Amino acid sequence: MNEDIIISPDTQRSNRIPPRQALTRKWPILHYGPVPTFNPATWDFQIVPEPLVSRNIRWTWEQFNALPKVKVFADMHCVTRWSKLDNLWEGVATRELLKHVTLSEKAKFVMVHCEYGFTTNLPIEWFFGEDCLFATHHNGQPLDPDHGYPVRLVVPRLYAWKSAKWVRGIEFMEQDEPGFWERWEHGGYHMLGDPWTEQRHRDD
């Protein structure tokens, strides 16, 4: 593997398939609601302005694309029990945000905001993992709209619903709050979602 590619630690496991998962060579399409349209002239990415962030950030599509890029080699595990290995992602590292804003020490969690009001929550240390990025490409090609084009968060070491599609902004929080799928009325998925300990639902 090329040395300038970030290797997700889970790809180094002797057994790369988490409990009760099945290997797939296809890439299933799963999401809630319609696929959003993309207009590069109006699309933006925002860091929600609040006391936990030093300043507001709003990048246009052109500005976001001008940010430094990384490549990440990682596996993907869906809570619906499929695992897709050997993915090569390309995009903007989540850690890139730390070069543009200063966070309060009170910032402990992240809420990811996506099209149509979809959200998902993450502890800040998972969000800023070395292998986490806002992906624009997969295996050398731009993401398909069904898979999150133009920007998808990728958090390889958690179940794939945390790798939210169609990301538009980030909000930092002091306290954890459930996102869309984590709310009881939408299934009560686990607040973290570690596939290796089968954290599929809130009561797991």
# chains A, B, ... in the order shown; residues from 1 in each chain; ligands from 1

call {"tool": "residues_around", "arguments": {"residues": "region 45-62 of chain A", "least_positions_apart": "5", "cutoff": "8 Å", "atoms": "only C-alpha atoms", "output": "list of chain:residue names"}}
result
A:Pro40, A:Val101, A:Thr102, A:Leu103, A:Ser104, A:Glu105, A:Lys106, A:Ala107, A:Val167, A:Arg168, A:Gly169, A:Ile170, A:Glu171, A:Phe172, A:Met173

call {"tool": "residues_around", "arguments": {"residues": "Ala160 (chain A)", "least_positions_apart": "6", "cutoff": "9 Å", "atoms": "only C-alpha atoms", "output": "MDAnalysis selection string"}}
result
chainID A and resid 76:79 154 193

call {"tool": "write_last_selection", "arguments": {"atoms": "C-alpha atoms", "output": "compact mmCIF listing (two decimals), in the first residue's frame"}}
result
# COMPACT_ATOMS: atom_id res chain seq x y z
CA MET A 76 -17.17 -0.63 5.78
CA HIS A 77 -19.68 -2.44 7.99
CA CYS A 78 -23.42 -1.80 7.76
CA VAL A 79 -25.76 -2.42 10.69
CA VAL A 154 -16.67 8.28 6.49
CA GLY A 193 -22.26 1.96 16.93

call {"tool": "closest_residue", "arguments": {"among": "A:Tyr189, A:Glu174, A:Leu133, A:Arg183", "to": "Arg202 (chain A)", "atoms": "only C-alpha atoms"}}
result
A:Tyr189

call {"tool": "residues_around", "arguments": {"residues": "region 116-128 of chain A", "least_positions_apart": "3", "cutoff": "8 Å", "atoms": "only C-alpha atoms", "output": "PyMOL selection string"}}
result
chain A and resi 94-95+107-113+132+155+161-162+164+176-182+191-192

call {"tool": "write_last_selection", "arguments": {"atoms": "N, CA and C atoms", "output": "mmCIF file, in the first residue's frame"}}
result
data_model
loop_
_atom_site.group_PDB
_atom_site.id
_atom_site.type_symbol
_atom_site.label_atom_id
_atom_site.label_comp_id
_atom_site.auth_asym_id
_atom_site.auth_seq_id
_atom_site.Cartn_x
_atom_site.Cartn_y
_atom_site.Cartn_z
ATOM 1 N N THR A 94 -11.331 14.932 8.464
ATOM 2 C CA THR A 94 -12.087 15.682 9.480
ATOM 3 C C THR A 94 -11.139 16.547 10.306
ATOM 4 N N ARG A 95 -9.912 16.097 10.505
ATOM 5 C CA ARG A 95 -8.938 16.864 11.272
ATOM 6 C C ARG A 95 -8.564 18.184 10.595
ATOM 7 N N ALA A 107 -16.238 21.163 24.136
ATOM 8 C CA ALA A 107 -16.759 20.438 22.970
ATOM 9 C C ALA A 107 -16.395 18.963 23.097
ATOM 10 N N LYS A 108 -17.385 18.111 23.335
ATOM 11 C CA LYS A 108 -17.156 16.681 23.549
ATOM 12 C C LYS A 108 -17.838 15.800 22.504
ATOM 13 N N PHE A 109 -18.818 16.358 21.792
ATOM 14 C CA PHE A 109 -19.597 15.573 20.837
ATOM 15 C C PHE A 109 -19.828 16.388 19.570
ATOM 16 N N VAL A 110 -20.188 15.678 18.512
ATOM 17 C CA VAL A 110 -20.450 16.291 17.216
ATOM 18 C C VAL A 110 -21.813 15.831 16.722
ATOM 19 N N MET A 111 -22.577 16.765 16.160
ATOM 20 C CA MET A 111 -23.782 16.412 15.418
ATOM 21 C C MET A 111 -23.520 16.726 13.949
ATOM 22 N N VAL A 112 -23.664 15.711 13.120
ATOM 23 C CA VAL A 112 -23.450 15.861 11.686
ATOM 24 C C VAL A 112 -24.791 16.189 11.035
ATOM 25 N N HIS A 113 -24.840 17.298 10.314
ATOM 26 C CA HIS A 113 -26.076 17.747 9.663
ATOM 27 C C HIS A 113 -25.989 17.481 8.161
ATOM 28 N N CYS A 132 -10.737 9.189 9.523
ATOM 29 C CA CYS A 132 -12.057 9.771 9.236
ATOM 30 C C CYS A 132 -11.931 10.932 8.256
ATOM 31 N N VAL A 155 -16.577 7.247 8.673
ATOM 32 C CA VAL A 155 -16.024 6.891 9.987
ATOM 33 C C VAL A 155 -15.857 5.372 9.965
ATOM 34 N N TRP A 161 -24.069 3.673 9.282
ATOM 35 C CA TRP A 161 -25.033 4.776 9.365
ATOM 36 C C TRP A 161 -24.376 6.033 9.953
ATOM 37 N N LYS A 162 -23.253 5.854 10.674
ATOM 38 C CA LYS A 162 -22.502 7.004 11.180
ATOM 39 C C LYS A 162 -21.731 7.695 10.061
ATOM 40 N N ALA A 164 -22.438 9.334 7.429
ATOM 41 C CA ALA A 164 -23.643 9.951 6.864
ATOM 42 C C ALA A 164 -23.414 10.493 5.448
ATOM 43 N N ASP A 176 -24.000 14.742 24.645
ATOM 44 C CA ASP A 176 -24.421 13.893 23.540
ATOM 45 C C ASP A 176 -25.923 13.994 23.329
ATOM 46 N N GLU A 177 -26.331 13.999 22.075
ATOM 47 C CA GLU A 177 -27.743 14.012 21.716
ATOM 48 C C GLU A 177 -27.967 13.016 20.592
ATOM 49 N N PRO A 178 -29.088 12.327 20.562
ATOM 50 C CA PRO A 178 -29.337 11.368 19.482
ATOM 51 C C PRO A 178 -29.579 12.062 18.147
ATOM 52 N N GLY A 179 -29.045 11.468 17.088
ATOM 53 C CA GLY A 179 -29.351 11.922 15.745
ATOM 54 C C GLY A 179 -30.614 11.243 15.233
ATOM 55 N N PHE A 180 -30.786 11.203 13.918
ATOM 56 C CA PHE A 180 -32.026 10.687 13.320
ATOM 57 C C PHE A 180 -32.272 9.234 13.700
ATOM 58 N N TRP A 181 -31.337 8.328 13.336
ATOM 59 C CA TRP A 181 -31.554 6.904 13.587
ATOM 60 C C TRP A 181 -31.394 6.543 15.059
ATOM 61 N N GLU A 182 -30.734 7.376 15.805
ATOM 62 C CA GLU A 182 -30.542 7.095 17.219
ATOM 63 C C GLU A 182 -31.793 7.400 18.053
ATOM 64 N N MET A 191 -25.957 4.849 20.357
ATOM 65 C CA MET A 191 -25.396 6.190 20.321
ATOM 66 C C MET A 191 -23.964 6.198 19.768
ATOM 67 N N LEU A 192 -23.259 5.058 19.817
ATOM 68 C CA LEU A 192 -21.924 4.979 19.233
ATOM 69 C C LEU A 192 -21.925 4.127 17.978
#

call {"tool": "select_by_dssp", "arguments": {"residues": "region 33-194 of chain A", "states": "helix (DSSP H, G or I)", "output": "list in words"}}
result
Trp61, Glu62, Gln63, Phe64, Asn65, Thr94, Arg95, Glu96, Leu97, Leu98, Lys99, Glu115, Tyr116, Gly117, Ile124, Glu125, Trp126, Phe127, Pro145, Asp146, His147, Ala160, Trp161, Lys162, Trp184, Glu185 and His186 of chain A

call {"tool": "write_last_selection", "arguments": {"atoms": "N, CA and C atoms", "output": "tab-separated table (two decimals), in the first residue's frame"}}
result
chain	number	residue	atom	x	y	z
A	61	TRP	N	-18.74	25.21	-2.55
A	61	TRP	CA	-18.23	23.98	-3.15
A	61	TRP	C	-16.81	24.18	-3.68
A	62	GLU	N	-16.56	25.31	-4.30
A	62	GLU	CA	-15.22	25.60	-4.82
A	62	GLU	C	-14.20	25.68	-3.68
A	63	GLN	N	-14.57	26.33	-2.59
A	63	GLN	CA	-13.65	26.46	-1.45
A	63	GLN	C	-13.42	25.11	-0.77
A	64	PHE	N	-14.47	24.33	-0.63
A	64	PHE	CA	-14.32	23.01	0.00
A	64	PHE	C	-13.41	22.14	-0.84
A	65	ASN	N	-13.56	22.17	-2.14
A	65	ASN	CA	-12.74	21.36	-3.04
A	65	ASN	C	-11.28	21.78	-3.04
A	94	THR	N	-11.33	14.93	8.46
A	94	THR	CA	-12.09	15.68	9.48
A	94	THR	C	-11.14	16.55	10.31
A	95	ARG	N	-9.91	16.10	10.50
A	95	ARG	CA	-8.94	16.86	11.27
A	95	ARG	C	-8.56	18.18	10.59
A	96	GLU	N	-8.84	18.30	9.31
A	96	GLU	CA	-8.58	19.55	8.61
A	96	GLU	C	-9.35	20.72	9.24
A	97	LEU	N	-10.53	20.42	9.80
A	97	LEU	CA	-11.33	21.48	10.42
A	97	LEU	C	-10.57	22.18	11.53
A	98	LEU	N	-9.71	21.44	12.23
A	98	LEU	CA	-8.98	22.00	13.37
A	98	LEU	C	-7.93	23.03	12.94
A	99	LYS	N	-7.63	23.09	11.65
A	99	LYS	CA	-6.72	24.10	11.13
A	99	LYS	C	-7.43	25.43	10.88
A	115	GLU	N	-28.44	16.73	4.25
A	115	GLU	CA	-29.61	17.16	3.49
A	115	GLU	C	-30.89	16.61	4.14
A	116	TYR	N	-31.99	17.35	3.95
A	116	TYR	CA	-33.32	16.97	4.42
A	116	TYR	C	-33.41	16.82	5.93
A	117	GLY	N	-32.46	17.46	6.65
A	117	GLY	CA	-32.52	17.43	8.10
A	117	GLY	C	-32.01	16.16	8.75
A	124	ILE	N	-16.46	13.28	20.01
A	124	ILE	CA	-15.51	14.07	19.24
A	124	ILE	C	-14.25	13.28	18.90
A	125	GLU	N	-13.81	12.37	19.79
A	125	GLU	CA	-12.59	11.62	19.51
A	125	GLU	C	-12.78	10.64	18.35
A	126	TRP	N	-14.00	10.15	18.15
A	126	TRP	CA	-14.28	9.29	17.00
A	126	TRP	C	-14.37	10.11	15.72
A	127	PHE	N	-14.97	11.27	15.81
A	127	PHE	CA	-15.10	12.15	14.63
A	127	PHE	C	-13.74	12.56	14.09
A	145	PRO	N	-24.44	9.68	-6.62
A	145	PRO	CA	-25.43	10.36	-5.78
A	145	PRO	C	-26.07	9.43	-4.75
A	146	ASP	N	-26.33	8.17	-5.13
A	146	ASP	CA	-26.94	7.22	-4.20
A	146	ASP	C	-26.04	6.91	-3.00
A	147	HIS	N	-24.75	7.11	-3.18
A	147	HIS	CA	-23.79	6.81	-2.11
A	147	HIS	C	-23.28	8.07	-1.42
A	160	ALA	N	-21.96	1.82	9.42
A	160	ALA	CA	-21.97	2.77	8.31
A	160	ALA	C	-23.05	3.84	8.40
A	161	TRP	N	-24.07	3.67	9.28
A	161	TRP	CA	-25.03	4.78	9.37
A	161	TRP	C	-24.38	6.03	9.95
A	162	LYS	N	-23.25	5.85	10.67
A	162	LYS	CA	-22.50	7.00	11.18
A	162	LYS	C	-21.73	7.69	10.06
A	184	TRP	N	-35.52	7.09	19.39
A	184	TRP	CA	-36.37	5.91	19.58
A	184	TRP	C	-37.42	5.77	18.48
A	185	GLU	N	-37.99	6.88	18.03
A	185	GLU	CA	-39.06	6.80	17.04
A	185	GLU	C	-38.57	6.36	15.66
A	186	HIS	N	-37.24	6.40	15.43
A	186	HIS	CA	-36.67	5.98	14.16
A	186	HIS	C	-35.87	4.69	14.27

call {"tool": "residues_around", "arguments": {"residues": "region 24-28 of chain A", "least_positions_apart": "6", "cutoff": "7 Å", "atoms": "only C-alpha atoms", "output": "VMD selection string"}}
result
chain A and resid 82 to 84

call {"tool": "closest_atom_pairs", "arguments": {"of": "region 8-105 of chain A", "to": "region 138-142 of chain A", "cutoff": "9 Å", "atoms": "only C-alpha atoms", "output": "tab-separated table"}}
result
residue	atom	partner	partner_atom	distance
A:Asp86	CA	A:Asn139	CA	9.0
A:Asn87	CA	A:Asn139	CA	6.3
A:Leu88	CA	A:Asn139	CA	4.8
A:Trp89	CA	A:His138	CA	4.7
A:Glu90	CA	A:His138	CA	6.4

call {"tool": "residues_around", "arguments": {"residues": "Ser8 (chain A)", "least_positions_apart": "4", "cutoff": "9 Å", "atoms": "only C-alpha atoms", "output": "PyMOL selection string"}}
result
chain A and resi 12+72-75+130-132+156-157

call {"tool": "write_last_selection", "arguments": {"atoms": "C-alpha atoms", "output": "mmCIF file, in the first residue's frame"}}
result
data_model
loop_
_atom_site.group_PDB
_atom_site.id
_atom_site.type_symbol
_atom_site.label_atom_id
_atom_site.label_comp_id
_atom_site.auth_asym_id
_atom_site.auth_seq_id
_atom_site.Cartn_x
_atom_site.Cartn_y
_atom_site.Cartn_z
ATOM 1 C CA GLN A 12 -4.957 -4.913 9.937
ATOM 2 C CA VAL A 72 -7.937 6.365 3.357
ATOM 3 C CA PHE A 73 -7.934 2.583 2.899
ATOM 4 C CA ALA A 74 -10.728 1.162 5.057
ATOM 5 C CA ASP A 75 -13.451 -1.435 5.459
ATOM 6 C CA GLU A 130 -7.007 9.471 11.952
ATOM 7 C CA ASP A 131 -8.949 7.526 9.316
ATOM 8 C CA CYS A 132 -12.057 9.771 9.236
ATOM 9 C CA PRO A 156 -14.632 3.444 9.121
ATOM 10 C CA ARG A 157 -14.530 1.920 12.600
#

call {"tool": "atom_distance", "arguments": {"atom1": "CA of Ala22 (chain A)", "atom2": "CA of Thr80 (chain A)"}}
result
9.6 Å

call {"tool": "closest_residue", "arguments": {"among": "A:Pro18, A:Gly187, A:Gly91, A:Pro9", "to": "Leu143 (chain A)", "atoms": "only C-alpha atoms"}}
result
A:Gly91

call {"tool": "closest_residue", "arguments": {"among": "A:Asp144, A:Trp196, A:Val92, A:Ala41", "to": "Ile29 (chain A)", "atoms": "only C-alpha atoms"}}
result
A:Asp144

call {"tool": "residues_around", "arguments": {"residues": "Thr197 (chain A)", "least_positions_apart": "2", "cutoff": "12 Å", "atoms": "only C-alpha atoms", "output": "mmCIF file with C-alpha atoms, in the first residue's frame"}}
result
data_model
loop_
_atom_site.group_PDB
_atom_site.id
_atom_site.type_symbol
_atom_site.label_atom_id
_atom_site.label_comp_id
_atom_site.auth_asym_id
_atom_site.auth_seq_id
_atom_site.Cartn_x
_atom_site.Cartn_y
_atom_site.Cartn_z
ATOM 1 C CA ILE A 17 -15.438 -9.330 9.472
ATOM 2 C CA PRO A 18 -17.213 -8.269 12.713
ATOM 3 C CA PRO A 19 -19.635 -10.633 14.492
ATOM 4 C CA ARG A 20 -22.738 -11.662 12.516
ATOM 5 C CA GLN A 21 -21.685 -9.741 9.404
ATOM 6 C CA VAL A 79 -25.759 -2.423 10.688
ATOM 7 C CA ARG A 157 -14.530 1.920 12.600
ATOM 8 C CA LEU A 158 -18.249 2.446 13.322
ATOM 9 C CA TYR A 159 -21.351 1.054 11.630
ATOM 10 C CA HIS A 190 -26.912 2.834 19.387
ATOM 11 C CA LEU A 192 -21.924 4.979 19.233
ATOM 12 C CA GLY A 193 -22.264 1.961 16.928
ATOM 13 C CA ASP A 194 -19.143 -0.169 17.326
ATOM 14 C CA PRO A 195 -19.506 -3.196 14.990
ATOM 15 C CA GLN A 199 -23.680 -1.918 19.267
ATOM 16 C CA ARG A 200 -26.622 -1.974 16.891
ATOM 17 C CA HIS A 201 -29.383 -0.598 19.124
ATOM 18 C CA ASP A 204 -27.281 -3.501 23.125
#

call {"tool": "select_by_dssp", "arguments": {"residues": "region 137-183 of chain A", "states": "strand (DSSP E)", "output": "mmCIF file with N, CA and C atoms, in the first residue's frame"}}
result
data_model
loop_
_atom_site.group_PDB
_atom_site.id
_atom_site.type_symbol
_atom_site.label_atom_id
_atom_site.label_comp_id
_atom_site.auth_asym_id
_atom_site.auth_seq_id
_atom_site.Cartn_x
_atom_site.Cartn_y
_atom_site.Cartn_z
ATOM 1 N N HIS A 137 -14.697 10.893 -3.155
ATOM 2 C CA HIS A 137 -14.388 9.839 -4.119
ATOM 3 C C HIS A 137 -14.305 8.482 -3.423
ATOM 4 N N HIS A 138 -14.609 7.444 -4.188
ATOM 5 C CA HIS A 138 -14.524 6.063 -3.708
ATOM 6 C C HIS A 138 -13.891 5.213 -4.796
ATOM 7 N N GLN A 141 -13.140 7.031 -8.138
ATOM 8 C CA GLN A 141 -14.212 7.656 -8.885
ATOM 9 C C GLN A 141 -15.037 8.560 -7.961
ATOM 10 N N PRO A 142 -15.609 9.657 -8.494
ATOM 11 C CA PRO A 142 -16.504 10.466 -7.666
ATOM 12 C C PRO A 142 -17.639 9.609 -7.116
ATOM 13 N N ARG A 152 -19.663 12.764 1.611
ATOM 14 C CA ARG A 152 -20.114 11.797 2.610
ATOM 15 C C ARG A 152 -19.083 11.717 3.734
ATOM 16 N N LEU A 153 -19.530 11.778 4.976
ATOM 17 C CA LEU A 153 -18.645 11.514 6.098
ATOM 18 C C LEU A 153 -18.321 10.020 6.117
ATOM 19 N N VAL A 154 -17.068 9.683 6.356
ATOM 20 C CA VAL A 154 -16.671 8.277 6.489
ATOM 21 C C VAL A 154 -15.977 8.098 7.834
ATOM 22 N N VAL A 167 -23.497 15.351 3.442
ATOM 23 C CA VAL A 167 -23.206 16.207 4.597
ATOM 24 C C VAL A 167 -23.202 17.680 4.189
ATOM 25 N N ARG A 168 -23.766 18.511 5.063
ATOM 26 C CA ARG A 168 -23.792 19.956 4.830
ATOM 27 C C ARG A 168 -23.236 20.778 5.987
ATOM 28 N N GLY A 169 -23.051 20.161 7.153
ATOM 29 C CA GLY A 169 -22.535 20.955 8.258
ATOM 30 C C GLY A 169 -22.236 20.138 9.492
ATOM 31 N N ILE A 170 -21.510 20.772 10.408
ATOM 32 C CA ILE A 170 -21.074 20.140 11.649
ATOM 33 C C ILE A 170 -21.415 21.061 12.816
ATOM 34 N N GLU A 171 -21.933 20.465 13.884
ATOM 35 C CA GLU A 171 -22.243 21.198 15.111
ATOM 36 C C GLU A 171 -21.528 20.516 16.278
ATOM 37 N N PHE A 172 -20.786 21.280 17.051
ATOM 38 C CA PHE A 172 -20.098 20.743 18.227
ATOM 39 C C PHE A 172 -20.952 20.980 19.467
ATOM 40 N N MET A 173 -20.960 19.979 20.375
ATOM 41 C CA MET A 173 -21.863 20.005 21.524
ATOM 42 C C MET A 173 -21.120 19.613 22.798
#

call {"tool": "atom_distance", "arguments": {"atom1": "CA of Arg16 (chain A)", "atom2": "CA of Cys114 (chain A)"}}
result
29.3 Å

call {"tool": "closest_residue", "arguments": {"among": "A:Ser163, A:Gly148, A:Glu198, A:Gly188", "to": "Pro34 (chain A)", "atoms": "only C-alpha atoms"}}
result
A:Gly148

call {"tool": "closest_residue", "arguments": {"among": "A:Leu23, A:Phe134, A:Pro36, A:Ala66", "to": "Leu85 (chain A)", "atoms": "only C-alpha atoms"}}
result
A:Leu23
